[in-house]
Number of protein chains: 8
Amino acid sequence: MKLRDLPFQDLGFAKADHHRALRTGFPEVVYGQGKTPEQVTKLTIALLAGSDRLLVTKATREMYTPVKEIFSDATYDEEAHTIVVDQREKSQHGPIVAVVSGGTSDLPVAREAAITASLMDCEVKEIVDVGVAGIHRLFDNLPSIQTAEVIVAVAGMEGALPSVISGLVRAPVIAVPTSVGYGTSYDGLAALLAMLNSCSPGIAVVNIDNGFGAGYMAALMVNKP
Amino acid sequence: MKLRDLPFQDLGFAKADHHRALRTGFPEVVYGQGKTPEQVTKLTIALLAGSDRLLVTKATREMYTPVKEIFSDATYDEEAHTIVVDQREKSQHGPIVAVVSGGTSDLPVAREAAITASLMDCEVKEIVDVGVAGIHRLFDNLPSIQTAEVIVAVAGMEGALPSVISGLVRAPVIAVPTSVGYGTSYDGLAALLAMLNSCSPGIAVVNIDNGFGAGYMAALMVNKP
Amino acid sequence: MKLRDLPFQDLGFAKADHHRALRTGFPEVVYGQGKTPEQVTKLTIALLAGSDRLLVTKATREMYTPVKEIFSDATYDEEAHTIVVDQREKSQHGPIVAVVSGGTSDLPVAREAAITASLMDCEVKEIVDVGVAGIHRLFDNLPSIQTAEVIVAVAGMEGALPSVISGLVRAPVIAVPTSVGYGTSYDGLAALLAMLNSCSPGIAVVNIDNGFGAGYMAALMVNKP
Amino acid sequence: MKLRDLPFQDLGFAKADHHRALRTGFPEVVYGQGKTPEQVTKLTIALLAGSDRLLVTKATREMYTPVKEIFSDATYDEEAHTIVVDQREKSQHGPIVAVVSGGTSDLPVAREAAITASLMDCEVKEIVDVGVAGIHRLFDNLPSIQTAEVIVAVAGMEGALPSVISGLVRAPVIAVPTSVGYGTSYDGLAALLAMLNSCSPGIAVVNIDNGFGAGYMAALMVNKP
Amino acid sequence: MKLRDLPFQDLGFAKADHHRALRTGFPEVVYGQGKTPEQVTKLTIALLAGSDRLLVTKATREMYTPVKEIFSDATYDEEAHTIVVDQREKSQHGPIVAVVSGGTSDLPVAREAAITASLMDCEVKEIVDVGVAGIHRLFDNLPSIQTAEVIVAVAGMEGALPSVISGLVRAPVIAVPTSVGYGTSYDGLAALLAMLNSCSPGIAVVNIDNGFGAGYMAALMVNKP
Amino acid sequence: MKLRDLPFQDLGFAKADHHRALRTGFPEVVYGQGKTPEQVTKLTIALLAGSDRLLVTKATREMYTPVKEIFSDATYDEEAHTIVVDQREKSQHGPIVAVVSGGTSDLPVAREAAITASLMDCEVKEIVDVGVAGIHRLFDNLPSIQTAEVIVAVAGMEGALPSVISGLVRAPVIAVPTSVGYGTSYDGLAALLAMLNSCSPGIAVVNIDNGFGAGYMAALMVNKP
Amino acid sequence: MKLRDLPFQDLGFAKADHHRALRTGFPEVVYGQGKTPEQVTKLTIALLAGSDRLLVTKATREMYTPVKEIFSDATYDEEAHTIVVDQREKSQHGPIVAVVSGGTSDLPVAREAAITASLMDCEVKEIVDVGVAGIHRLFDNLPSIQTAEVIVAVAGMEGALPSVISGLVRAPVIAVPTSVGYGTSYDGLAALLAMLNSCSPGIAVVNIDNGFGAGYMAALMVNKP
Amino acid sequence: MKLRDLPFQDLGFAKADHHRALRTGFPEVVYGQGKTPEQVTKLTIALLAGSDRLLVTKATREMYTPVKEIFSDATYDEEAHTIVVDQREKSQHGPIVAVVSGGTSDLPVAREAAITASLMDCEVKEIVDVGVAGIHRLFDNLPSIQTAEVIVAVAGMEGALPSVISGLVRAPVIAVPTSVGYGTSYDGLAALLAMLNSCSPGIAVVNIDNGFGAGYMAALMVNKP
């Protein structure tokens, strides 16, 4: 393999990587944070020239407007702050991914994970507000959770949800700490440490608030080539 | 109140505080760490002159031998590393304190809490190895735990046990993080942060590995004057 | 016990947990931070359908207005940022809880603790501005503090207040570090560490600025079922 | 599901969890650290009564000797410090897991991952000493790595290996930071942070030096029920 | 050498150090952050009285306007936030410095490094968006990078770029961590630690976001007196 | 001494401590941060009833206006953000305190120290912009610095100034780290650690940005009763 | 002043600084940690050639033996681990320094401070075991403490002692955190932060366990030239 | 360039990288820590087959003995813990590198830097014990330091040495923090932060105690191809 022959397109401020879709089965995702609407639009056009799907994370309404004008099938999620363009036929069924979250404030991160996995051909079940302080709410949803091939568990504060779920299911768990909390939550550090130190095996962790990364990882796990 | 008139006895290397028993209902506890057997023995003699009960924490067998020679009713706990002298009639029943711990390695800290609360007239129920990774073991012990007026929950690693228990009972929970774990457990910091950030109210936390402090606090809570 | 049969009500963005009052003697508290006034109102209505008391913490005036329109006995505390609805007869006397705070800036946290404990049937004594830098002010209030069954001690900066109080009274102390300070106070970390490392036993600690948790814990301790 | 009816066996110092194999497809793993050879032997006997496979991690030769006397097919790995008992017929082929490590000092952690995944029916390819400082060594092994369904990437120091691999393959990567390094490696913290912040998606992370957890996660991912 | 005789000029709020150019071959650089446009202008006038080149870092457009009125050859860079005054003849060729950066968000820091080295008589090659997640983009630029006498490598997030480059070239690498990232990137700490712990020698590190310092160091290295 | 008889005046939101002046030779200082202009004014009136000097730190112009209306001799320092009321005859000469600072941005902290020491009857010499990067500027001021009985050394960034000064003089040095810097200065932590670890004895340190505390300490040291 | 002409003597592994005594009124102190007995002896001989007093800190008995053979008036303190040689006439009275310590384990650090200040011509009062948990013991010693010109307050754990003392006396306080404690004491960090954040002014802090530095600073403060 | 064709030799536990010398002008260095004498010997033989120079860092006498038997020109440095084999003619003169260190305890790290740079054809000047507490010792050595093309500055504790040197010379400075110190030096963190935050440009930093890396970097800088 001669790596340097791989195709990409130089936009000046960024290099659009058309080879990525070939390599990883998924187009370059645009990380919206800090980009101008104009930059997002340019990247969107360049990337959709070589792909039929695109995801912009940390997107604002201001970024969405010009993208929507060009790609009428673009959608914006107010909670997850994502722009999605999916020009394919809707698939009926995919492998099941459960996205389970602890509290109301964890929803934006959980939605980002769910949208990412959906766009990567998974059937996503979203289960919200089942934190460990009222564990019977979690048990009520166990039958549904147990149908999933992989579980994304999203929690802030003490971050105990992935441990408790992992002890109750057979599927692997992707744990996502969120920055929800105050004082010694240290913007998600408490949850992150709890998840890394789970006494239940079968858990792996992504960065704080990285819903996209968790959804992406979950989809990679269940979509074998 | 003229505080400076309170009695204490100067041993040169320490001041034995006879007033403490009057003030707090419990004699000065000897913190054994770093003291010589001779120092422990001297403090034991001085303190038992004004009290009928004494606790030495972080005690070694070497400290126990000379104390045992003088106070034949002294006992040593191999797991908790405590010396106890209790010269009173054994009480039959006291308020119930449950000491619940997550893993085998948490036992020394849990035992220290149990011995402390017992010496302060509580009836202690010890429930071990009920970590959240196998949560059905915890549920099996719930009826017993729910009889307690206060619960001491001891856990290392991700420290989720107090949160889960607190969501299932009415009683207040004293949470004790332990230094059990490796890597990012950071000698108990992960567990401490999880406990401080519990999404379930009704939890307060003591220092890492501070079984004595938790047992003491629990006994203060149930032994109203 | 079949946990999953416990009742709760799904509001879409949250699950109102009616069982909680049965389990813990207190309704689900609404954590206002980050919620819209509309969400707070909906939760308030749902929760008061199954309870006669409700507490919203970290509440704003904007949240209070619509709640007040529906529940005319709702009150708002400017300092503690709490909404309280209490539809019961006022009790005359309850167990005494002292809420002691170090400096003027610690007042919001202290008030939150006091309001919470009051709503849970305690008689609360609030003692303010008795930091250790002028320790005679603390001594002046000792007779009052010593009548309490449990003490909530609130302090920022060096966080020495709980240690000093605990050495002077028999009652257990719930210590609340606050984020008051600058530089190496690290938003309450200095106070938290001081409280966890107190050389006086009989202290347990809650999260930084967690006045609600401290008041709740104090009330649980003195309100035995 | 009535959780409290699940079977387990109380050994006094621990509760052997026979249900775990049913729930998760794998028996309770014995964490050897801090246990006596006698305790390890007892747990081994109890657990193998209900399973045909067992893994002891952080095991010493002293633990191995009594276990070997009872279970003659037990094996000990000097590098990974594991005891394995596998009483099944050897399977010929399983899903492929690549375990890639950066430096010689990372080998014990990598071996622990490989042994765990092997015991869980994976075909493991071990690729060593391919750190990013000499990246051509990694490229030389790419064809082999690209056959794997999941990759475990083990690295200390700057922890860049998972990022680089993830950019070159389609498979998901389980990243394991190791405590290899000195100074500001902070016993694996530098590597952990690098892995959590990878600019390449498709990576999830386990605790520092947690080779077992990575191998277990990898096997869960490829062994769908 | 009698140090105290060295010349400087007291402006009241600062001392302009004319000797610095003699000592270090470069005039005092004005750190714009927190200074008023008036202060920047005064310093500019004072310093250019003894030098033919000046650099203001962290400069705003508001600072630029009055400086431009006095020094018509002053230029402002929108991305790097620098004001440059260079009253010399443009040199044709200098030693080659490559400034390589990982992502679009790292550009301001990379530009600051490039402008600084240019002003110190280096010929700068800027190579952008070659992060390790798409390593073939880096390889495509290797021939260009390998012509440089020294390389400035700028990266946020996991900070792996300097390690990978250093393994591929002979030249020394100045690594600049940036605060680009979120969650556990901790504003550049993750990248900084990765760079300090590189398994490839030939790397030295400057402060987070210190593009100026890296460009200055690079120029010192190649401009031997 | 019966401490509880000491006089203080309860203002509701604070207790004005008239005894403090008797105990420490200086009135309670008002920490302005977070107080309303009305609260500052009330405290000012209450405290000046028992003292002839008052200092408000972290004061705003909004606090100054009502105070000035009542106390016409009040002065406000724009840089130090202090209000001073001094109703005594101006003293001619006091013990000499040198306040030495490293950079322009350190001036507000240095001024706060200087104003505090002046109000406590010291003759203050302010020496600015003598950071270690241009050490000849420091040497130029050495004769002046060496006349002081105590030196306050104020520095951010690497915080080396107190070490260097302390190696050159006989007088004790009070070191004040400031939050000036960026990246790994961590808001003054780098400077604080440098000052605590000075290889030169004769240095003691106050909190980050605590100019008041340094000036107060310096004045206490030279104003023996 | 031409600094480079100052005298020193090159021993190969160190440069003995005879000028230091002239500059600071005290000879170079030998930091024993990590030095061989032979190195300590050589330094002792070199330094006592130009001075009549010498202090070796962190000294072992092995270092003391050869020094004692040459300097028969050398003394060794078992608790402080110091070697002292003082060849002067004993002074009768000096300025009073109080060294106050919290617990038995803080004694080595307190002794080091006391020995240092004594050698620098102070009259030292040592007051031990007066921690804030039994504050009446501190009050009992207040009359003695209040005679001191400067107070060294030594404490581990929560480090509250300097704050409490400073609120009760007029003299400045040098605070010394010690590494006494466990868990979240973090080897003295908790005490250090408490001391830096004291709400009582008139405190400055030295490094953890730096008894020498505190004693030295105290002596500098009271021994004006 | 087809990277995967580059030559290396697989030793089983490591891959000897013969291409490295071609790429970087220096053979793979053996990091001795944690390797057996047998492994070090094998690597030595393999690497010297393709090179005429070799460096083993963190080497013990036990590693040296078997290497010396095979390579009679191998030398061992007791202070730096290095094995050097250099089979070339001794060069007379190379570019000058100054290695300056602060205290006696910094010598091992300084020696490691000096040996590394010497082996890479530099003429090294070692200047020891010139810490900033006695700055005249540094000035005495300035003329010698100023002849160097690059300076390696090694310091623990407050780490101020590189800042002070950099302000006095024109050459670039490689700063090496060492783990020398106690308490809040945090094993070199204080020195590292000081060096990263130097107010003097022209400094870049390597990992704590990384003498090898500093010497290597220095040699790369002055040995242009």
# chains A, B, ... in the order shown; residues from 1 in each chain; ligands from 1
$ interface_residues --of "chain A" --to "chain D" --cutoff "6 Å" --atoms "only C-alpha atoms" --output "MDAnalysis selection string"
chainID A and resid 23:24 170 172 196 201:202 204:207 213 217 220
$ write_last_selection --atoms "N, CA and C atoms" --output "short mmCIF file (atom, residue, chain, number, x, y, z; two decimals), in the first residue's frame"
data_model
loop_
_atom_site.label_atom_id
_atom_site.label_comp_id
_atom_site.auth_asym_id
_atom_site.auth_seq_id
_atom_site.Cartn_x
_atom_site.Cartn_y
_atom_site.Cartn_z
N ARG A 23 -11.68 3.58 3.68
CA ARG A 23 -10.93 2.94 4.76
C ARG A 23 -11.84 2.50 5.90
N THR A 24 -12.78 3.35 6.30
CA THR A 24 -13.50 3.11 7.55
C THR A 24 -14.99 2.89 7.36
N ARG A 170 -25.43 -9.18 28.98
CA ARG A 170 -24.31 -9.89 28.36
C ARG A 170 -23.57 -9.01 27.35
N PRO A 172 -21.59 -5.91 25.41
CA PRO A 172 -20.58 -4.94 25.80
C PRO A 172 -21.20 -3.56 25.97
N LEU A 196 -14.03 4.11 34.36
CA LEU A 196 -12.76 3.41 34.12
C LEU A 196 -12.48 2.37 35.19
N PRO A 201 -16.47 -6.18 34.31
CA PRO A 201 -15.78 -6.09 33.02
C PRO A 201 -16.80 -5.94 31.89
N GLY A 202 -16.31 -5.69 30.70
CA GLY A 202 -17.22 -5.52 29.57
C GLY A 202 -17.62 -4.08 29.37
N ALA A 204 -16.00 -0.20 28.12
CA ALA A 204 -14.91 0.66 27.64
C ALA A 204 -15.47 2.07 27.55
N VAL A 205 -14.59 3.05 27.64
CA VAL A 205 -15.00 4.42 27.92
C VAL A 205 -14.52 5.35 26.81
N VAL A 206 -15.31 6.38 26.52
CA VAL A 206 -14.88 7.44 25.60
C VAL A 206 -14.76 8.75 26.36
N ASN A 207 -14.32 9.78 25.69
CA ASN A 207 -14.08 11.08 26.31
C ASN A 207 -15.39 11.66 26.90
N GLY A 213 -18.51 9.88 19.51
CA GLY A 213 -17.54 8.79 19.56
C GLY A 213 -18.15 7.49 20.04
N MET A 217 -18.40 4.21 17.76
CA MET A 217 -17.78 2.96 18.22
C MET A 217 -18.83 1.84 18.25
N LEU A 220 -19.51 0.66 14.73
CA LEU A 220 -18.38 -0.14 14.22
C LEU A 220 -18.43 -1.56 14.76
#
$ select_by_dssp --residues "region 167-208 of chain E" --states "strand (DSSP E or B)" --output "list in words"
Val173, Ile174, Ala175, Val176, Pro177, Ile203, Ala204 and Val205 of chain E
$ residues_around --residues "Ile70 (chain B)" --least-positions-apart "4" --cutoff "9 Å" --atoms "only C-alpha atoms" --output "PyMOL selection string"
chain B and resi 41+45+66+74
$ write_last_selection --atoms "all heavy atoms" --output "mmCIF file, in the first residue's frame"
data_model
loop_
_atom_site.group_PDB
_atom_site.id
_atom_site.type_symbol
_atom_site.label_atom_id
_atom_site.label_comp_id
_atom_site.auth_asym_id
_atom_site.auth_seq_id
_atom_site.Cartn_x
_atom_site.Cartn_y
_atom_site.Cartn_z
ATOM 1 N N THR B 41 1.240 1.889 74.795
ATOM 2 C CA THR B 41 0.951 1.354 76.135
ATOM 3 C C THR B 41 0.749 2.479 77.146
ATOM 4 O O THR B 41 -0.197 2.475 77.942
ATOM 5 C CB THR B 41 2.113 0.444 76.591
ATOM 6 O OG1 THR B 41 2.388 -0.499 75.560
ATOM 7 C CG2 THR B 41 1.739 -0.300 77.864
ATOM 8 N N ILE B 45 -2.717 3.237 79.235
ATOM 9 C CA ILE B 45 -2.827 3.314 80.698
ATOM 10 C C ILE B 45 -3.428 4.652 81.118
ATOM 11 O O ILE B 45 -4.360 4.714 81.918
ATOM 12 C CB ILE B 45 -1.431 3.123 81.337
ATOM 13 C CG1 ILE B 45 -0.930 1.705 81.048
ATOM 14 C CG2 ILE B 45 -1.496 3.366 82.843
ATOM 15 C CD1 ILE B 45 0.544 1.498 81.403
ATOM 16 N N PRO B 66 2.249 -5.738 74.686
ATOM 17 C CA PRO B 66 2.374 -5.117 76.013
ATOM 18 C C PRO B 66 1.038 -4.617 76.573
ATOM 19 O O PRO B 66 0.863 -4.610 77.806
ATOM 20 C CB PRO B 66 3.327 -3.945 75.765
ATOM 21 C CG PRO B 66 3.261 -3.679 74.301
ATOM 22 C CD PRO B 66 2.979 -4.985 73.655
ATOM 23 N N ALA B 74 -8.137 -6.981 76.809
ATOM 24 C CA ALA B 74 -7.886 -6.366 75.496
ATOM 25 C C ALA B 74 -8.002 -7.424 74.403
ATOM 26 O O ALA B 74 -7.616 -8.574 74.591
ATOM 27 C CB ALA B 74 -6.488 -5.738 75.466
#
$ select_by_dssp --residues "region 9-156 of chain H" --states "helix (DSSP H, G or I)" --output "JSON, numbers by chain"
{"H": [19, 20, 21, 22, 23, 24, 37, 38, 39, 40, 41, 42, 43, 44, 45, 46, 47, 48, 61, 62, 63, 64, 65, 66, 67, 68, 69, 70, 104, 105, 106, 107, 108, 109, 110, 111, 112, 113, 114, 115, 116, 117, 118, 119, 132, 133, 134, 135, 136, 137, 138, 139, 140, 142, 143, 144, 145]}
$ write_last_selection --atoms "C-alpha atoms" --output "PDB file, in the first residue's frame"
ATOM      1  CA  HIS H  19      17.158   1.973   9.609  1.00  0.00           C
ATOM      2  CA  ARG H  20      17.019   4.405  12.483  1.00  0.00           C
ATOM      3  CA  ALA H  21      20.684   5.305  12.162  1.00  0.00           C
ATOM      4  CA  LEU H  22      20.107   6.120   8.511  1.00  0.00           C
ATOM      5  CA  ARG H  23      17.054   8.202   9.260  1.00  0.00           C
ATOM      6  CA  THR H  24      18.248  10.087  12.320  1.00  0.00           C
ATOM      7  CA  PRO H  37      21.198  -8.096  31.579  1.00  0.00           C
ATOM      8  CA  GLU H  38      20.658 -10.819  29.009  1.00  0.00           C
ATOM      9  CA  GLN H  39      18.175  -8.713  27.039  1.00  0.00           C
ATOM     10  CA  VAL H  40      20.497  -5.714  27.150  1.00  0.00           C
ATOM     11  CA  THR H  41      23.393  -7.828  25.901  1.00  0.00           C
ATOM     12  CA  LYS H  42      21.385  -9.270  23.031  1.00  0.00           C
ATOM     13  CA  LEU H  43      20.188  -5.830  21.973  1.00  0.00           C
ATOM     14  CA  THR H  44      23.721  -4.489  22.219  1.00  0.00           C
ATOM     15  CA  ILE H  45      25.064  -7.178  19.908  1.00  0.00           C
ATOM     16  CA  ALA H  46      22.246  -6.748  17.428  1.00  0.00           C
ATOM     17  CA  LEU H  47      22.517  -2.984  17.307  1.00  0.00           C
ATOM     18  CA  LEU H  48      26.322  -2.788  17.128  1.00  0.00           C
ATOM     19  CA  ARG H  61      26.445  -2.606  36.838  1.00  0.00           C
ATOM     20  CA  GLU H  62      24.778  -6.009  36.337  1.00  0.00           C
ATOM     21  CA  MET H  63      23.942  -5.071  32.767  1.00  0.00           C
ATOM     22  CA  TYR H  64      27.423  -3.687  32.181  1.00  0.00           C
ATOM     23  CA  THR H  65      29.370  -6.840  33.122  1.00  0.00           C
ATOM     24  CA  PRO H  66      28.220  -9.085  30.234  1.00  0.00           C
ATOM     25  CA  VAL H  67      28.349  -6.220  27.743  1.00  0.00           C
ATOM     26  CA  LYS H  68      31.915  -5.380  28.774  1.00  0.00           C
ATOM     27  CA  GLU H  69      32.963  -9.009  28.232  1.00  0.00           C
ATOM     28  CA  ILE H  70      31.923  -8.801  24.600  1.00  0.00           C
ATOM     29  CA  THR H 104      24.461  18.373  43.684  1.00  0.00           C
ATOM     30  CA  SER H 105      21.397  16.130  43.442  1.00  0.00           C
ATOM     31  CA  ASP H 106      20.808  17.150  39.822  1.00  0.00           C
ATOM     32  CA  LEU H 107      24.154  15.680  38.750  1.00  0.00           C
ATOM     33  CA  PRO H 108      22.960  12.246  37.501  1.00  0.00           C
ATOM     34  CA  VAL H 109      20.565  13.857  35.074  1.00  0.00           C
ATOM     35  CA  ALA H 110      23.128  16.422  33.978  1.00  0.00           C
ATOM     36  CA  ARG H 111      25.758  13.696  33.406  1.00  0.00           C
ATOM     37  CA  GLU H 112      23.307  11.692  31.291  1.00  0.00           C
ATOM     38  CA  ALA H 113      22.772  14.739  29.090  1.00  0.00           C
ATOM     39  CA  ALA H 114      26.499  15.390  28.839  1.00  0.00           C
ATOM     40  CA  ILE H 115      27.375  11.781  27.932  1.00  0.00           C
ATOM     41  CA  THR H 116      24.648  11.672  25.280  1.00  0.00           C
ATOM     42  CA  ALA H 117      25.773  14.903  23.622  1.00  0.00           C
ATOM     43  CA  SER H 118      29.418  13.822  23.767  1.00  0.00           C
ATOM     44  CA  LEU H 119      28.608  10.554  22.031  1.00  0.00           C
ATOM     45  CA  VAL H 132      19.841  30.729  41.651  1.00  0.00           C
ATOM     46  CA  ALA H 133      20.006  30.954  45.461  1.00  0.00           C
ATOM     47  CA  GLY H 134      23.660  31.994  45.061  1.00  0.00           C
ATOM     48  CA  ILE H 135      23.461  33.715  41.724  1.00  0.00           C
ATOM     49  CA  HIS H 136      27.034  35.065  41.807  1.00  0.00           C
ATOM     50  CA  ARG H 137      28.265  31.499  41.247  1.00  0.00           C
ATOM     51  CA  LEU H 138      26.305  31.487  38.010  1.00  0.00           C
ATOM     52  CA  PHE H 139      27.745  34.857  36.950  1.00  0.00           C
ATOM     53  CA  ASP H 140      31.243  33.575  37.602  1.00  0.00           C
ATOM     54  CA  LEU H 142      28.884  33.111  32.436  1.00  0.00           C
ATOM     55  CA  PRO H 143      31.874  33.652  30.133  1.00  0.00           C
ATOM     56  CA  SER H 144      32.210  29.910  29.759  1.00  0.00           C
ATOM     57  CA  ILE H 145      28.465  29.378  29.250  1.00  0.00           C
TER      58      ILE H 145
END
$ residues_around --residues "Gly131 (chain F)" --least-positions-apart "6" --cutoff "7 Å" --atoms "only C-alpha atoms" --output "NGL selection string"
:F and (102-103 or 161)
